[in-house]
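As structure tokens, the structure follows; a few thoughts come after it.
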Amino acid sequence: MPIHSSNHSLTSYTTVVVLLLLLFLQTSTPIIKALAENSHVINFQSPNLYPESLAWDPLKQHFLVGSLRHRTISSISDAGIIETLISDTSLPENVTVVGITVDSRNKRVLAVIHADKPLPPFNALAAYDLKYGNRLFLSPLPTDEEALANNVAVDYNGNAYVTNSIGNYIWKVNVKGEASIFSKSPRFTEHPVDRDTPYSYIGLNGIAYVSSGDYLLVVQSNTGKVFKVDADDGTARHVLLNEDLTRPDGVVFRSDGVVLVVSPQANKLWLLKSNNGWGRVWFMTKLTLRVKGTLLRLFREGGIRCDKQRSDCLKVQFCHSDGDLFTLLSVYKEWEALPQERRNKWCWENSINAKSMRRCQDTVFELESFLEREHGFVVPSYWRWDPHTPSVHDKNMKKVILASLSENVAMFSGRNQLGYEVAQTGQHVQLHPSSSLLVFAQKPSWVVFGDLLSVSNEYLVCVSAVEFQSLYDLQPPPSFDVSKMEERKLQTKTLTGFGTILLKRFCGKSNSNLLGHVSRIRKACLDERIFVEVKVDENLIQLYAASHDMNTATMLVSDVLEYEKKRLRTECMEKCLYHGSGSASPMALFGSGAEIKHLELEKHSLSVDVYHSNINAIDDKELLMFFEKNTSGSICAVYKFQGMGKDPPDREKWGKITFLSPDAAKRAVELDGDEFCGSNLKILPSQSAMGGDKTFLFPEVKARIFWPRRLSRGFGIVICDKNDVNIEWYTPLSP
């Protein structure tokens, strides 16, 4: 399995990479996952369910399961939660929901209904509303002989195609529920059947619709054949295989062109690929489904923590900076170079699964034999690629990997918490923790991935870096706009030079202010990915936004910071000078440095109470700016009222605002009844600042002037009214 520089170098690269892609990336049960994560298994319990059919609901992202003994279709979440989606008690008792599929375009579930002996024969197709579960129609399938309606596929127009396993023909049910016999091609009955084998009466079975060519692919269980059926006239032809399948059952056509065929009786899964419109299969691989135990692994994991840590440490020596496929190649290259007798020991010493390595080698030999037999190409037995030395081979392999996985492209979003944006779906997914890219603390701008692993979170697995320019060189071009995706990438801008107090004010209690700022910026830029990160200890703010939104985001953040600076400059602490005999006392407003900003000795209110019928809809900053603009005064203090559990009159109270001057407070009261945020404001002078008609009476003031620790011949002069202050002279204390 070499890489060389002859005229056939591209084919050689394909030999190396396609092997790994097919084995490690494009299968439902891959031989290895990126550095050996566990397989994803959905466990659920439902007494007497006996699941007979399975379909994927792309709208709700759930699996749908039909039942062998119940008239139900159940929905199973990724967490294993099962609930009944459809229960049709009007159907005959004990019928089987044999096959199901989802018509996502028309939001329907199509279910094949069959009743077997000793029940009266019954074959029909039922359509149900995908959201509400009500039945749309029940169409009996026409037949004048013994029949077994089995599996179903649906085309883009909503026409359903149902296989008859005993009669070996296909029904068609249009979108209105009108059923007819669609295809009775002689191709379905021209192959011999061994009647002594189990289930030999099961003929046509699994069926899948291929929208790109408007045809059907159908498997036949008792012969192991695959047929291509024209969706217009029902003409069928035999698809040439390297070998017949063993009792094939279900068939699925994936968006990447791979057809998966499963056989529950044989515990096998086949992956088929054609490059000539399914006249012949050019690649075919067979995997054994393991009902119990984990999938085969390349890197073994220990059962206890210390063993796992040892295994993780041993992985590092093979990790490649270009990603997981290169890491896997590094392992295989080193293993292949060893003498046969040393390989098992080497695998044990490096925590490598020796059986997986041997299976990889078997598949390499199979591919090399295929290339020689079908294309006359002899693969040389030496390597030119060195994992430790960067070369042109790395770039060439990246191109091959990209061409093989052109549908699985992802771009780094620009923010670690978001991870990578999948080009096809737009969803944001993190790299799997086992990815070799994380060993090098790298986040390449563009990557391709082998699979999307969905557990408690979603991860990209088997990830490899690709060159940005190579995306433009893809043929055919990718289905997404590379330039637009690159423009969407989040950029980072760092703002510094702020004090700790200002940053804390910017964030607010429990980051409540910060969340509000982020929400406003996202709304202004129409981008939910925008984020503002504040690092108080490092005295900086980091903005994450696309390049075309960065100026807007920066301006909005700067406006808030300038406003908070202004608030800090005018912020005051309200202190009572002394408690008089009236209902109010003289107040002083102390600013920074204990500077007295205002001294209120008369009975003037500096504060107002603000009421609003919907206090939860108020933007605090906009409300304060509204008061500053309409009072031409400076706000020095704000007290947000916490109305939880308060009396009904106080539930509309937003809070109290204190101004630097009584004139500003008076102008604020004049705003009573003005409309703000959909309702009228109610503004009253703060009751705590209201006084009676009495003037303030100052108590007696005593002052002492003395120097307790040193002799002094100095003197002090106190000027005051003799009736106001009694002066007592004190002699200094002796040292």
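Scheme for the structure tokens: letters A, B, ... for chains in order shown; per-chain residue numbers from 1; ligand numbers from 1 in order shown.
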Would you give me, as a PyMOL selection string, the residues in region 217-426 of chain A that DSSP reads as strand (DSSP E)?
chain A and resi 217-220+225-230+236-239+250-253+259-263+268-273+283-288+409-412+420-422
Output file for the selection above: N, CA and C atoms, as a short mmCIF file (atom, residue, chain, number, x, y, z; two decimals), in the first residue's frame:
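Result went into selection.cif, see below:
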data_model
loop_
_atom_site.label_atom_id
_atom_site.label_comp_id
_atom_site.auth_asym_id
_atom_site.auth_seq_id
_atom_site.Cartn_x
_atom_site.Cartn_y
_atom_site.Cartn_z
N LEU A 217 -33.91 0.92 -6.16
CA LEU A 217 -33.02 -0.21 -5.95
C LEU A 217 -33.74 -1.19 -5.03
N VAL A 218 -33.86 -2.45 -5.48
CA VAL A 218 -34.61 -3.46 -4.76
C VAL A 218 -33.72 -4.68 -4.55
N VAL A 219 -33.77 -5.25 -3.34
CA VAL A 219 -33.02 -6.49 -3.07
C VAL A 219 -34.00 -7.65 -2.99
N GLN A 220 -33.52 -8.83 -3.37
CA GLN A 220 -34.32 -10.05 -3.36
C GLN A 220 -33.69 -11.03 -2.38
N LYS A 225 -30.00 -11.13 -5.06
CA LYS A 225 -29.79 -10.23 -6.18
C LYS A 225 -30.24 -8.80 -5.83
N VAL A 226 -29.73 -7.86 -6.64
CA VAL A 226 -30.13 -6.46 -6.54
C VAL A 226 -30.63 -6.02 -7.91
N PHE A 227 -31.76 -5.29 -7.92
CA PHE A 227 -32.36 -4.84 -9.17
C PHE A 227 -32.49 -3.32 -9.17
N LYS A 228 -32.31 -2.76 -10.36
CA LYS A 228 -32.56 -1.34 -10.59
C LYS A 228 -33.86 -1.22 -11.38
N VAL A 229 -34.84 -0.50 -10.82
CA VAL A 229 -36.18 -0.41 -11.41
C VAL A 229 -36.46 1.04 -11.78
N ASP A 230 -36.82 1.28 -13.03
CA ASP A 230 -37.17 2.62 -13.49
C ASP A 230 -38.45 3.07 -12.81
N ALA A 236 -37.09 -3.23 -15.13
CA ALA A 236 -36.07 -3.66 -14.16
C ALA A 236 -34.89 -4.28 -14.88
N ARG A 237 -33.73 -4.11 -14.28
CA ARG A 237 -32.54 -4.79 -14.79
C ARG A 237 -31.68 -5.21 -13.61
N HIS A 238 -30.89 -6.24 -13.84
CA HIS A 238 -30.07 -6.83 -12.80
C HIS A 238 -28.81 -5.99 -12.57
N VAL A 239 -28.49 -5.68 -11.31
CA VAL A 239 -27.25 -4.99 -10.96
C VAL A 239 -26.18 -6.04 -10.73
N GLY A 250 -33.20 -5.22 4.52
CA GLY A 250 -33.41 -3.79 4.35
C GLY A 250 -32.33 -3.15 3.50
N VAL A 251 -32.70 -2.06 2.82
CA VAL A 251 -31.74 -1.34 1.98
C VAL A 251 -31.96 0.16 2.18
N VAL A 252 -30.84 0.89 2.25
CA VAL A 252 -30.88 2.34 2.43
C VAL A 252 -29.91 2.98 1.45
N PHE A 253 -30.36 4.03 0.78
CA PHE A 253 -29.48 4.80 -0.11
C PHE A 253 -29.09 6.08 0.60
N VAL A 259 -24.86 2.60 -0.88
CA VAL A 259 -26.05 1.81 -0.55
C VAL A 259 -25.69 0.81 0.53
N LEU A 260 -26.46 0.81 1.60
CA LEU A 260 -26.25 -0.12 2.70
C LEU A 260 -27.35 -1.17 2.68
N VAL A 261 -26.95 -2.42 2.70
CA VAL A 261 -27.89 -3.54 2.70
C VAL A 261 -27.62 -4.36 3.95
N VAL A 262 -28.67 -4.68 4.70
CA VAL A 262 -28.50 -5.40 5.95
C VAL A 262 -29.23 -6.74 5.87
N SER A 263 -28.64 -7.72 6.54
CA SER A 263 -29.25 -9.05 6.65
C SER A 263 -29.29 -9.46 8.11
N LYS A 268 -25.06 -9.51 8.73
CA LYS A 268 -24.12 -8.88 7.81
C LYS A 268 -24.64 -7.51 7.38
N LEU A 269 -23.67 -6.65 7.07
CA LEU A 269 -23.97 -5.34 6.48
C LEU A 269 -23.06 -5.16 5.28
N TRP A 270 -23.67 -4.90 4.12
CA TRP A 270 -22.90 -4.67 2.90
C TRP A 270 -22.92 -3.18 2.55
N LEU A 271 -21.79 -2.71 2.07
CA LEU A 271 -21.70 -1.36 1.54
C LEU A 271 -21.39 -1.45 0.06
N LEU A 272 -22.27 -0.90 -0.74
CA LEU A 272 -22.16 -1.00 -2.19
C LEU A 272 -21.99 0.39 -2.79
N LYS A 273 -21.18 0.46 -3.82
CA LYS A 273 -20.93 1.73 -4.50
C LYS A 273 -20.82 1.46 -5.99
N PHE A 283 -17.53 -1.22 -6.04
CA PHE A 283 -16.94 -1.48 -4.72
C PHE A 283 -17.98 -2.15 -3.84
N MET A 284 -17.53 -3.17 -3.15
CA MET A 284 -18.44 -3.94 -2.30
C MET A 284 -17.66 -4.45 -1.11
N THR A 285 -18.13 -4.12 0.07
CA THR A 285 -17.46 -4.63 1.27
C THR A 285 -18.52 -5.16 2.22
N LYS A 286 -18.14 -6.14 3.02
CA LYS A 286 -19.07 -6.82 3.90
C LYS A 286 -18.56 -6.74 5.33
N LEU A 287 -19.44 -6.36 6.24
CA LEU A 287 -19.10 -6.26 7.65
C LEU A 287 -20.00 -7.17 8.45
N THR A 288 -19.45 -7.69 9.54
CA THR A 288 -20.22 -8.52 10.45
C THR A 288 -20.81 -7.64 11.55
N VAL A 409 -17.75 18.45 4.91
CA VAL A 409 -16.81 19.55 5.14
C VAL A 409 -17.32 20.40 6.30
N ALA A 410 -16.39 20.87 7.12
CA ALA A 410 -16.74 21.75 8.24
C ALA A 410 -15.69 22.86 8.34
N MET A 411 -16.15 24.02 8.80
CA MET A 411 -15.27 25.19 8.95
C MET A 411 -15.23 25.60 10.42
N PHE A 412 -14.03 25.94 10.90
CA PHE A 412 -13.92 26.42 12.28
C PHE A 412 -14.68 27.73 12.40
N TYR A 420 -16.95 23.70 15.26
CA TYR A 420 -16.94 23.72 13.79
C TYR A 420 -18.37 23.80 13.25
N GLU A 421 -18.51 24.54 12.16
CA GLU A 421 -19.79 24.65 11.47
C GLU A 421 -19.82 23.68 10.30
N VAL A 422 -20.76 22.74 10.33
CA VAL A 422 -20.89 21.76 9.25
C VAL A 422 -21.48 22.46 8.03
#
Among region 521-672 of chain A, which ones does DSSP assign to helix (DSSP H, G or I) (computed from the backbone)? Answer as a ChimeraX atom specification.
/A:521-525,550-570,592-594,615-617,620-631,648-650,662-669
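CA of Lys565 (chain A) is found 26.1 Å from CA of Ser686 (chain A).
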Tell me which protein, DNA and RNA residues are within 9 Å of Glu571 (chain A), counting only C-alpha atoms, leaving out same-chain ones fewer than 2 positions away, and put them as a list in words.
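Answer for this query is Lys566, Arg567, Leu568, Arg569, Met573, Phe590, Gly591, Ser592, Ile635, Cys636 and Ala637 of chain A.
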Contact table region 74-93 of chain A vs region 105-123 of chain A, cut-off 12 Å, shortest pair per residue, only C-alpha atoms, as a Markdown table:
| residue | atom | partner | partner_atom | distance |
| --- | --- | --- | --- | --- |
| A:Ser74 | CA | A:Val109 | CA | 11.4 |
| A:Ser75 | CA | A:Val109 | CA | 11.7 |
| A:Leu85 | CA | A:Val109 | CA | 10.3 |
| A:Ile86 | CA | A:Val109 | CA | 9.5 |
| A:Asp88 | CA | A:Ile113 | CA | 11.1 |
| A:Leu91 | CA | A:Ile113 | CA | 8.8 |
| A:Pro92 | CA | A:Ala115 | CA | 8.0 |
| A:Glu93 | CA | A:Ala115 | CA | 8.7 |
Give me the residues within 10 Å of Val518 (chain A) as JSON, numbers by chain, counting only C-alpha atoms and dropping any in the same chain fewer than 4 places off.
{"A": [513, 514, 522, 523, 524, 528, 529, 530, 531, 532, 533, 543, 553, 556, 557]}
Measuring atom to atom with only C-alpha atoms, identify which of A:Ser464, A:Ser547, A:Ser90, A:Ser351 is nearest to Leu405 (chain A).
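Among A:Ser464, A:Ser547, A:Ser90, A:Ser351, it is A:Ser464 that comes nearest to Leu405 (chain A).
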